[in-house]
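Below is the file structure_13.json, which contains JSON, C-alpha atoms and all ligand atoms.
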[["chain", "number", "residue", "atom", "x", "y", "z"],
["A", 5, "MET", "CA", 1.87, -38.65, 15.11],
["A", 6, "ALA", "CA", 4.06, -38.80, 12.04],
["A", 7, "ILE", "CA", 4.09, -37.06, 8.69],
["A", 8, "GLU", "CA", 3.18, -39.73, 6.14],
["A", 9, "ARG", "CA", 2.58, -40.04, 2.42],
["A", 10, "THR", "CA", -0.18, -42.14, 0.89],
["A", 11, "LEU", "CA", -1.32, -43.12, -2.59],
["A", 12, "VAL", "CA", -4.81, -42.55, -3.97],
["A", 13, "LEU", "CA", -6.01, -43.80, -7.33],
["A", 14, "ILE", "CA", -9.17, -42.58, -8.99],
["A", 15, "LYS", "CA", -10.05, -45.90, -10.61],
["A", 16, "PRO", "CA", -11.44, -46.39, -14.14],
["A", 17, "ASP", "CA", -15.06, -46.37, -12.89],
["A", 18, "GLY", "CA", -14.45, -43.03, -11.18],
["A", 19, "MET", "CA", -12.81, -41.61, -14.31],
["A", 20, "GLN", "CA", -15.60, -42.86, -16.59],
["A", 21, "ARG", "CA", -18.27, -41.37, -14.32],
["A", 22, "HIS", "CA", -16.39, -38.06, -14.00],
["A", 23, "LEU", "CA", -16.08, -38.42, -10.24],
["A", 24, "ALA", "CA", -12.46, -37.24, -9.99],
["A", 25, "GLY", "CA", -13.41, -33.71, -8.94],
["A", 26, "LEU", "CA", -15.94, -34.78, -6.32],
["A", 27, "SER", "CA", -13.48, -37.34, -4.96],
["A", 28, "ILE", "CA", -10.66, -34.79, -4.74],
["A", 29, "ASP", "CA", -13.04, -32.41, -2.95],
["A", 30, "ARG", "CA", -13.50, -35.03, -0.21],
["A", 31, "LEU", "CA", -9.77, -35.75, -0.10],
["A", 32, "GLU", "CA", -8.94, -32.05, 0.23],
["A", 33, "ASN", "CA", -11.35, -31.82, 3.18],
["A", 34, "THR", "CA", -8.91, -34.00, 5.15],
["A", 35, "HIS", "CA", -6.45, -31.06, 4.98],
["A", 36, "MET", "CA", -3.69, -33.35, 3.78],
["A", 37, "ASP", "CA", -1.42, -31.79, 1.14],
["A", 38, "LEU", "CA", -1.55, -32.94, -2.48],
["A", 39, "VAL", "CA", 2.12, -33.41, -3.48],
["A", 40, "GLY", "CA", 1.85, -35.58, -6.61],
["A", 41, "ALA", "CA", -0.70, -36.08, -9.41],
["A", 42, "LYS", "CA", -0.74, -37.65, -12.84],
["A", 43, "ILE", "CA", -2.90, -39.54, -15.33],
["A", 44, "VAL", "CA", -1.53, -43.04, -15.87],
["A", 45, "THR", "CA", -2.31, -45.65, -18.50],
["A", 46, "VAL", "CA", -2.40, -48.86, -16.49],
["A", 47, "THR", "CA", -0.36, -51.67, -18.03],
["A", 48, "ASP", "CA", -0.80, -55.31, -17.10],
["A", 49, "LYS", "CA", 2.59, -55.19, -15.34],
["A", 50, "LEU", "CA", 1.68, -52.15, -13.23],
["A", 51, "ALA", "CA", -1.71, -53.65, -12.32],
["A", 52, "ARG", "CA", -0.12, -56.91, -11.18],
["A", 53, "GLU", "CA", 2.61, -55.14, -9.21],
["A", 54, "HIS", "CA", 0.06, -52.91, -7.53],
["A", 55, "TYR", "CA", -2.10, -55.83, -6.39],
["A", 56, "ALA", "CA", 0.75, -58.34, -5.89],
["A", 57, "LEU", "CA", 0.14, -58.67, -2.14],
["A", 58, "LEU", "CA", -3.53, -59.61, -2.67],
["A", 59, "GLU", "CA", -2.87, -62.51, -5.05],
["A", 60, "GLY", "CA", -4.10, -65.75, -3.45],
["A", 61, "VAL", "CA", -5.19, -63.95, -0.26],
["A", 62, "GLY", "CA", -8.72, -63.77, 1.30],
["A", 63, "PRO", "CA", -11.39, -63.44, -1.42],
["A", 64, "PHE", "CA", -8.59, -63.49, -4.05],
["A", 65, "LYS", "CA", -7.89, -67.17, -3.38],
["A", 66, "ASP", "CA", -10.51, -67.26, -6.10],
["A", 67, "ARG", "CA", -8.29, -66.88, -9.18],
["A", 68, "LYS", "CA", -11.14, -65.51, -11.26],
["A", 69, "LEU", "CA", -11.83, -62.73, -8.76],
["A", 70, "PHE", "CA", -8.14, -61.78, -8.75],
["A", 71, "GLU", "CA", -8.02, -61.64, -12.56],
["A", 72, "HIS", "CA", -11.16, -59.56, -12.44],
["A", 73, "LEU", "CA", -9.42, -57.13, -10.06],
["A", 74, "ILE", "CA", -6.52, -56.80, -12.51],
["A", 75, "ASN", "CA", -8.89, -56.25, -15.45],
["A", 76, "PHE", "CA", -10.84, -53.69, -13.47],
["A", 77, "ILE", "CA", -7.85, -51.47, -12.62],
["A", 78, "LYS", "CA", -6.69, -51.78, -16.24],
["A", 79, "GLY", "CA", -9.99, -50.19, -17.28],
["A", 80, "GLU", "CA", -11.15, -53.17, -19.29],
["A", 81, "TYR", "CA", -14.75, -52.83, -18.12],
["A", 82, "HIS", "CA", -15.11, -49.11, -18.69],
["A", 83, "GLY", "CA", -14.77, -48.77, -22.41],
["A", 84, "ASP", "CA", -11.81, -46.41, -22.55],
["A", 85, "PRO", "CA", -8.81, -47.69, -24.54],
["A", 86, "ARG", "CA", -6.65, -45.05, -22.79],
["A", 87, "ARG", "CA", -7.02, -47.10, -19.55],
["A", 88, "ARG", "CA", -6.99, -43.97, -17.43],
["A", 89, "VAL", "CA", -6.33, -43.83, -13.72],
["A", 90, "LEU", "CA", -5.59, -40.60, -11.85],
["A", 91, "ALA", "CA", -2.77, -41.24, -9.37],
["A", 92, "LEU", "CA", -2.40, -38.86, -6.41],
["A", 93, "VAL", "CA", -0.02, -38.60, -3.49],
["A", 94, "TYR", "CA", -1.23, -36.94, -0.29],
["A", 95, "LYS", "CA", 1.07, -35.98, 2.54],
["A", 96, "GLY", "CA", 0.41, -34.93, 6.12],
["A", 97, "GLU", "CA", 0.05, -35.99, 9.72],
["A", 98, "ASP", "CA", -1.34, -39.54, 9.85],
["A", 99, "ALA", "CA", -2.11, -39.27, 6.13],
["A", 100, "VAL", "CA", -2.77, -43.00, 5.58],
["A", 101, "LYS", "CA", -5.52, -43.11, 8.21],
["A", 102, "ALA", "CA", -6.98, -39.72, 7.36],
["A", 103, "ILE", "CA", -7.30, -40.55, 3.65],
["A", 104, "ARG", "CA", -8.70, -44.04, 4.32],
["A", 105, "ALA", "CA", -11.35, -42.46, 6.56],
["A", 106, "ALA", "CA", -12.38, -40.13, 3.73],
["A", 107, "VAL", "CA", -12.44, -43.04, 1.26],
["A", 108, "GLY", "CA", -14.55, -45.47, 3.34],
["A", 109, "VAL", "CA", -14.68, -49.25, 3.52],
["A", 110, "THR", "CA", -14.25, -51.55, 0.53],
["A", 111, "ASN", "CA", -17.87, -52.52, -0.12],
["A", 112, "PRO", "CA", -19.74, -49.37, -1.22],
["A", 113, "GLU", "CA", -22.97, -50.70, 0.29],
["A", 114, "ASP", "CA", -21.31, -50.83, 3.71],
["A", 115, "ALA", "CA", -19.46, -47.54, 3.37],
["A", 116, "SER", "CA", -20.80, -44.61, 5.33],
["A", 117, "PRO", "CA", -22.53, -42.00, 3.14],
["A", 118, "GLU", "CA", -20.09, -39.23, 4.06],
["A", 119, "THR", "CA", -17.22, -41.20, 2.52],
["A", 120, "ILE", "CA", -16.26, -41.23, -1.18],
["A", 121, "ARG", "CA", -17.20, -44.88, -1.60],
["A", 122, "GLY", "CA", -20.43, -44.49, 0.39],
["A", 123, "ALA", "CA", -21.50, -41.43, -1.58],
["A", 124, "PHE", "CA", -20.40, -42.40, -5.10],
["A", 125, "GLY", "CA", -19.62, -46.13, -5.12],
["A", 126, "ARG", "CA", -22.01, -48.79, -6.32],
["A", 127, "ILE", "CA", -22.17, -52.48, -6.99],
["A", 128, "CYS", "CA", -22.44, -53.29, -10.67],
["A", 129, "ARG", "CA", -25.72, -55.20, -10.92],
["A", 130, "LYS", "CA", -24.81, -56.89, -14.17],
["A", 131, "HIS", "CA", -21.44, -58.33, -13.03],
["A", 132, "GLY", "CA", -21.62, -58.13, -9.23],
["A", 133, "TYR", "CA", -18.33, -56.25, -8.90],
["A", 134, "TYR", "CA", -17.63, -53.27, -6.66],
["A", 135, "GLU", "CA", -17.32, -49.94, -8.43],
["A", 136, "ASN", "CA", -15.79, -48.24, -5.43],
["A", 137, "VAL", "CA", -14.28, -45.27, -7.30],
["A", 138, "VAL", "CA", -10.96, -44.96, -5.48],
["A", 139, "HIS", "CA", -8.05, -46.90, -4.08],
["A", 140, "ALA", "CA", -6.17, -45.66, -1.01],
["A", 141, "SER", "CA", -3.13, -47.32, 0.57],
["A", 142, "GLY", "CA", -3.95, -49.52, 3.57],
["A", 143, "ASN", "CA", -0.89, -48.83, 5.71],
["A", 144, "LEU", "CA", 2.36, -46.88, 5.65],
["A", 145, "GLU", "CA", 4.47, -49.72, 4.27],
["A", 146, "GLU", "CA", 2.03, -50.33, 1.42],
["A", 147, "ALA", "CA", 1.81, -46.60, 0.78],
["A", 148, "GLU", "CA", 5.55, -46.22, 0.20],
["A", 149, "ARG", "CA", 5.65, -49.37, -1.94],
["A", 150, "GLU", "CA", 2.71, -48.20, -4.05],
["A", 151, "ILE", "CA", 4.02, -44.64, -4.45],
["A", 152, "GLY", "CA", 7.24, -46.16, -5.81],
["A", 153, "LEU", "CA", 5.26, -48.09, -8.41],
["A", 154, "TRP", "CA", 3.16, -45.23, -9.70],
["A", 155, "PHE", "CA", 5.58, -42.28, -9.43],
["A", 156, "LYS", "CA", 9.21, -41.47, -10.12],
["A", 157, "PRO", "CA", 10.90, -39.61, -7.22],
["A", 158, "GLY", "CA", 11.15, -36.32, -9.16],
["A", 159, "GLU", "CA", 7.38, -36.28, -9.75],
["A", 160, "ILE", "CA", 6.50, -35.76, -6.09],
["A", 161, "LEU", "CA", 7.05, -32.56, -4.10],
["A", 162, "GLU", "CA", 8.58, -32.60, -0.62],
["B", 201, "LIG", "P1", -9.39, -51.79, -0.27],
["B", 201, "LIG", "O1", -8.08, -51.63, 0.46],
["B", 201, "LIG", "O2", -10.55, -51.25, 0.50],
["B", 201, "LIG", "O3", -9.35, -51.24, -1.69],
["B", 201, "LIG", "O4", -9.67, -53.36, -0.39],
["B", 201, "LIG", "P2", -8.69, -54.59, -0.74],
["B", 201, "LIG", "O5", -7.26, -54.13, -0.84],
["B", 201, "LIG", "O6", -9.02, -55.70, 0.18],
["B", 201, "LIG", "O7", -9.21, -55.04, -2.19],
["B", 201, "LIG", "C1", -8.81, -54.36, -3.35],
["B", 201, "LIG", "C2", -10.01, -54.12, -4.23],
["B", 201, "LIG", "O8", -10.56, -55.38, -4.61],
["B", 201, "LIG", "C3", -11.18, -53.40, -3.59],
["B", 201, "LIG", "O9", -11.04, -51.98, -3.60],
["B", 201, "LIG", "C4", -12.33, -53.84, -4.45],
["B", 201, "LIG", "O10", -12.32, -53.11, -5.68],
["B", 201, "LIG", "C5", -11.96, -55.28, -4.75],
["B", 201, "LIG", "N1", -12.56, -56.22, -3.78],
["B", 201, "LIG", "C6", -12.13, -56.52, -2.55],
["B", 201, "LIG", "N2", -12.90, -57.45, -1.96],
["B", 201, "LIG", "C7", -13.86, -57.74, -2.85],
["B", 201, "LIG", "C8", -14.97, -58.65, -2.84],
["B", 201, "LIG", "O11", -15.23, -59.37, -1.87],
["B", 201, "LIG", "N3", -15.76, -58.66, -3.97],
["B", 201, "LIG", "C9", -15.49, -57.86, -5.04],
["B", 201, "LIG", "N4", -16.32, -57.93, -6.09],
["B", 201, "LIG", "N5", -14.45, -57.03, -5.09],
["B", 201, "LIG", "C10", -13.64, -56.96, -4.02]]

This entry written out as structure tokens:
Amino acid sequence: MAIERTLVLIKPDGMQRHLAGLSIDRLENTHMDLVGAKIVTVTDKLAREHYALLEGVGPFKDRKLFEHLINFIKGEYHGDPRRRVLALVYKGEDAVKAIRAAVGVTNPEDASPETIRGAFGRICRKHGYYENVVHASGNLEEAEREIGLWFKPGEILE
């Protein structure tokens, strides 16, 4: 097993609902080490870079759904002009898998109740979109790419 780093974002729905603390509690229970943290205002450029690999793929072949994903991470549905996301870097043995297990699967209705998304996520009845509270990198390659987008090297501890 290898020492890995992975990116977590507390998304605008999680920030609006004050779920950052409860989410971090679950993340800390993985015993991975928190080595980077900051509040970020999500620009259109950052949003598109972050989700670049999903454009035109799977459900995001639907252009409208992809644009919705971009708007969501930019905080456009959560009434905060500061567009806040809390970006975190966790580090440890098999960190990508350990953090994903704590986060749970994409659809909050399918996520197991002991996961962050299962416990706190919901589907917005009005718009049908997933409010799944957090993002976590899907694999090691994505993790390093994403960390490079959200953090400068000097902002993360060894
Ligand atoms: P993740 O790795 O579990 O976050 O899932 P993906 O990388 O596949 O998708 C990115 C994000 O797009 C998810 O976290 C959801 O917010 C959203 N998403 C993915 N699939 C769907 C879908 O079928 N419907 C809706 N409404 N949102 C989706």

Show me which residues line ligand LIG 201 (chain B), defined as having an atom within 10 Å of a ligand atom where only C-alpha atoms and all ligand atoms count, and present them as a PDB file with C-alpha atoms, in the coordinates of the input.
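Generated output (part_26.pdb):
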ATOM      1  CA  LEU A  13      -6.010 -43.800  -7.330  1.00  0.00           C
ATOM      2  CA  LYS A  15     -10.050 -45.900 -10.610  1.00  0.00           C
ATOM      3  CA  HIS A  54       0.060 -52.910  -7.530  1.00  0.00           C
ATOM      4  CA  TYR A  55      -2.100 -55.830  -6.390  1.00  0.00           C
ATOM      5  CA  LEU A  57       0.140 -58.670  -2.140  1.00  0.00           C
ATOM      6  CA  LEU A  58      -3.530 -59.610  -2.670  1.00  0.00           C
ATOM      7  CA  VAL A  61      -5.190 -63.950  -0.260  1.00  0.00           C
ATOM      8  CA  GLY A  62      -8.720 -63.770   1.300  1.00  0.00           C
ATOM      9  CA  PRO A  63     -11.390 -63.440  -1.420  1.00  0.00           C
ATOM     10  CA  PHE A  64      -8.590 -63.490  -4.050  1.00  0.00           C
ATOM     11  CA  LEU A  69     -11.830 -62.730  -8.760  1.00  0.00           C
ATOM     12  CA  PHE A  70      -8.140 -61.780  -8.750  1.00  0.00           C
ATOM     13  CA  HIS A  72     -11.160 -59.560 -12.440  1.00  0.00           C
ATOM     14  CA  LEU A  73      -9.420 -57.130 -10.060  1.00  0.00           C
ATOM     15  CA  ILE A  74      -6.520 -56.800 -12.510  1.00  0.00           C
ATOM     16  CA  PHE A  76     -10.840 -53.690 -13.470  1.00  0.00           C
ATOM     17  CA  ILE A  77      -7.850 -51.470 -12.620  1.00  0.00           C
ATOM     18  CA  ARG A 104      -8.700 -44.040   4.320  1.00  0.00           C
ATOM     19  CA  VAL A 107     -12.440 -43.040   1.260  1.00  0.00           C
ATOM     20  CA  GLY A 108     -14.550 -45.470   3.340  1.00  0.00           C
ATOM     21  CA  VAL A 109     -14.680 -49.250   3.520  1.00  0.00           C
ATOM     22  CA  THR A 110     -14.250 -51.550   0.530  1.00  0.00           C
ATOM     23  CA  ASN A 111     -17.870 -52.520  -0.120  1.00  0.00           C
ATOM     24  CA  PRO A 112     -19.740 -49.370  -1.220  1.00  0.00           C
ATOM     25  CA  ARG A 121     -17.200 -44.880  -1.600  1.00  0.00           C
ATOM     26  CA  ILE A 127     -22.170 -52.480  -6.990  1.00  0.00           C
ATOM     27  CA  CYS A 128     -22.440 -53.290 -10.670  1.00  0.00           C
ATOM     28  CA  HIS A 131     -21.440 -58.330 -13.030  1.00  0.00           C
ATOM     29  CA  GLY A 132     -21.620 -58.130  -9.230  1.00  0.00           C
ATOM     30  CA  TYR A 133     -18.330 -56.250  -8.900  1.00  0.00           C
ATOM     31  CA  TYR A 134     -17.630 -53.270  -6.660  1.00  0.00           C
ATOM     32  CA  GLU A 135     -17.320 -49.940  -8.430  1.00  0.00           C
ATOM     33  CA  ASN A 136     -15.790 -48.240  -5.430  1.00  0.00           C
ATOM     34  CA  VAL A 137     -14.280 -45.270  -7.300  1.00  0.00           C
ATOM     35  CA  VAL A 138     -10.960 -44.960  -5.480  1.00  0.00           C
ATOM     36  CA  HIS A 139      -8.050 -46.900  -4.080  1.00  0.00           C
ATOM     37  CA  ALA A 140      -6.170 -45.660  -1.010  1.00  0.00           C
ATOM     38  CA  SER A 141      -3.130 -47.320   0.570  1.00  0.00           C
ATOM     39  CA  GLY A 142      -3.950 -49.520   3.570  1.00  0.00           C
ATOM     40  CA  ASN A 143      -0.890 -48.830   5.710  1.00  0.00           C
TER      41      ASN A 143
END

> So how many Å separate CA of Gly152 (chain A) and CA of Glu53 (chain A), to one decimal?
Replying inline: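 According to the coordinates, CA of Gly152 (chain A) and CA of Glu53 (chain A) are separated by 10.7 Å.
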
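We find CA of Phe124 (chain A) and CA of Arg21 (chain A) to be spaced 9.5 Å apart.
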
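Minimum atom-to-atom distance to Ile160 (chain A), evaluated using all atoms listed in the file, belongs to A:Ala91 out of A:Gly18, A:Glu71, A:Ala91, A:Leu23.
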
>> Between CA of Glu113 (chain A) and CA of Arg129 (chain A), what distance in Å does the model show, to one decimal?
In response: 12.4 Å

> In terms of the shortest atom-to-atom distance over only C-alpha atoms, which of A:Ile28, A:Ala115, A:Ala51, A:Ile120 is closest to Leu90 (chain A)?
Replying inline: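 Among A:Ile28, A:Ala115, A:Ala51, A:Ile120, it is A:Ile28 that comes nearest to Leu90 (chain A).
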
> Which residue out of A:Glu148, A:Glu59, A:Asp114, A:Asp17 has the minimum interatomic distance to Val93 (chain A) when all atoms listed in the file are used?
Replying inline: A:Glu148

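Using all atoms listed in the file, the nearest neighbour of Tyr94 (chain A) within the list A:Ala24, A:Leu11, A:Ala6, A:Ala106 is A:Leu11.
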
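Among A:Lys78, A:Arg87, A:Arg149, A:Lys130, the residue with the shortest atom-to-atom distance to Lys49 (chain A), counting only C-alpha atoms, is A:Lys78.
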
> Between A:Leu50, A:Leu161, A:Ala147, A:Ala105, which has the minimum distance to Arg30 (chain A) (counting all atoms listed in the file)?
Replying inline: A:Ala105

> So which residues touch Asp37 (chain A) within 12 Å, counting all atoms listed in the file, skipping near sequence neighbours fewer than 6 positions away, as a ChimeraX atom specification?
Replying inline: /A:7-11,28,31,92-99,102-103,160-162

Residues of the last selection are to be written out with C-alpha atoms, as a JSON list (two decimals), in the coordinates of the input.
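Heads up, here's the output in selection-v6.json:
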[["chain", "number", "residue", "atom", "x", "y", "z"],
["A", 7, "ILE", "CA", 4.09, -37.06, 8.69],
["A", 8, "GLU", "CA", 3.18, -39.73, 6.14],
["A", 9, "ARG", "CA", 2.58, -40.04, 2.42],
["A", 10, "THR", "CA", -0.18, -42.14, 0.89],
["A", 11, "LEU", "CA", -1.32, -43.12, -2.59],
["A", 28, "ILE", "CA", -10.66, -34.79, -4.74],
["A", 31, "LEU", "CA", -9.77, -35.75, -0.10],
["A", 92, "LEU", "CA", -2.40, -38.86, -6.41],
["A", 93, "VAL", "CA", -0.02, -38.60, -3.49],
["A", 94, "TYR", "CA", -1.23, -36.94, -0.29],
["A", 95, "LYS", "CA", 1.07, -35.98, 2.54],
["A", 96, "GLY", "CA", 0.41, -34.93, 6.12],
["A", 97, "GLU", "CA", 0.05, -35.99, 9.72],
["A", 98, "ASP", "CA", -1.34, -39.54, 9.85],
["A", 99, "ALA", "CA", -2.11, -39.27, 6.13],
["A", 102, "ALA", "CA", -6.98, -39.72, 7.36],
["A", 103, "ILE", "CA", -7.30, -40.55, 3.65],
["A", 160, "ILE", "CA", 6.50, -35.76, -6.09],
["A", 161, "LEU", "CA", 7.05, -32.56, -4.10],
["A", 162, "GLU", "CA", 8.58, -32.60, -0.62]]

Can you sort out the box for region 42-47 of chain A, edges along x, y and z, all listed atoms in, 8 Å on every side, with centre and edge lengths in Å to one decimal, as JSON?
{"center_x": -1.6, "center_y": -44.7, "center_z": -15.7, "size_x": 18.5, "size_y": 30.0, "size_z": 21.7}
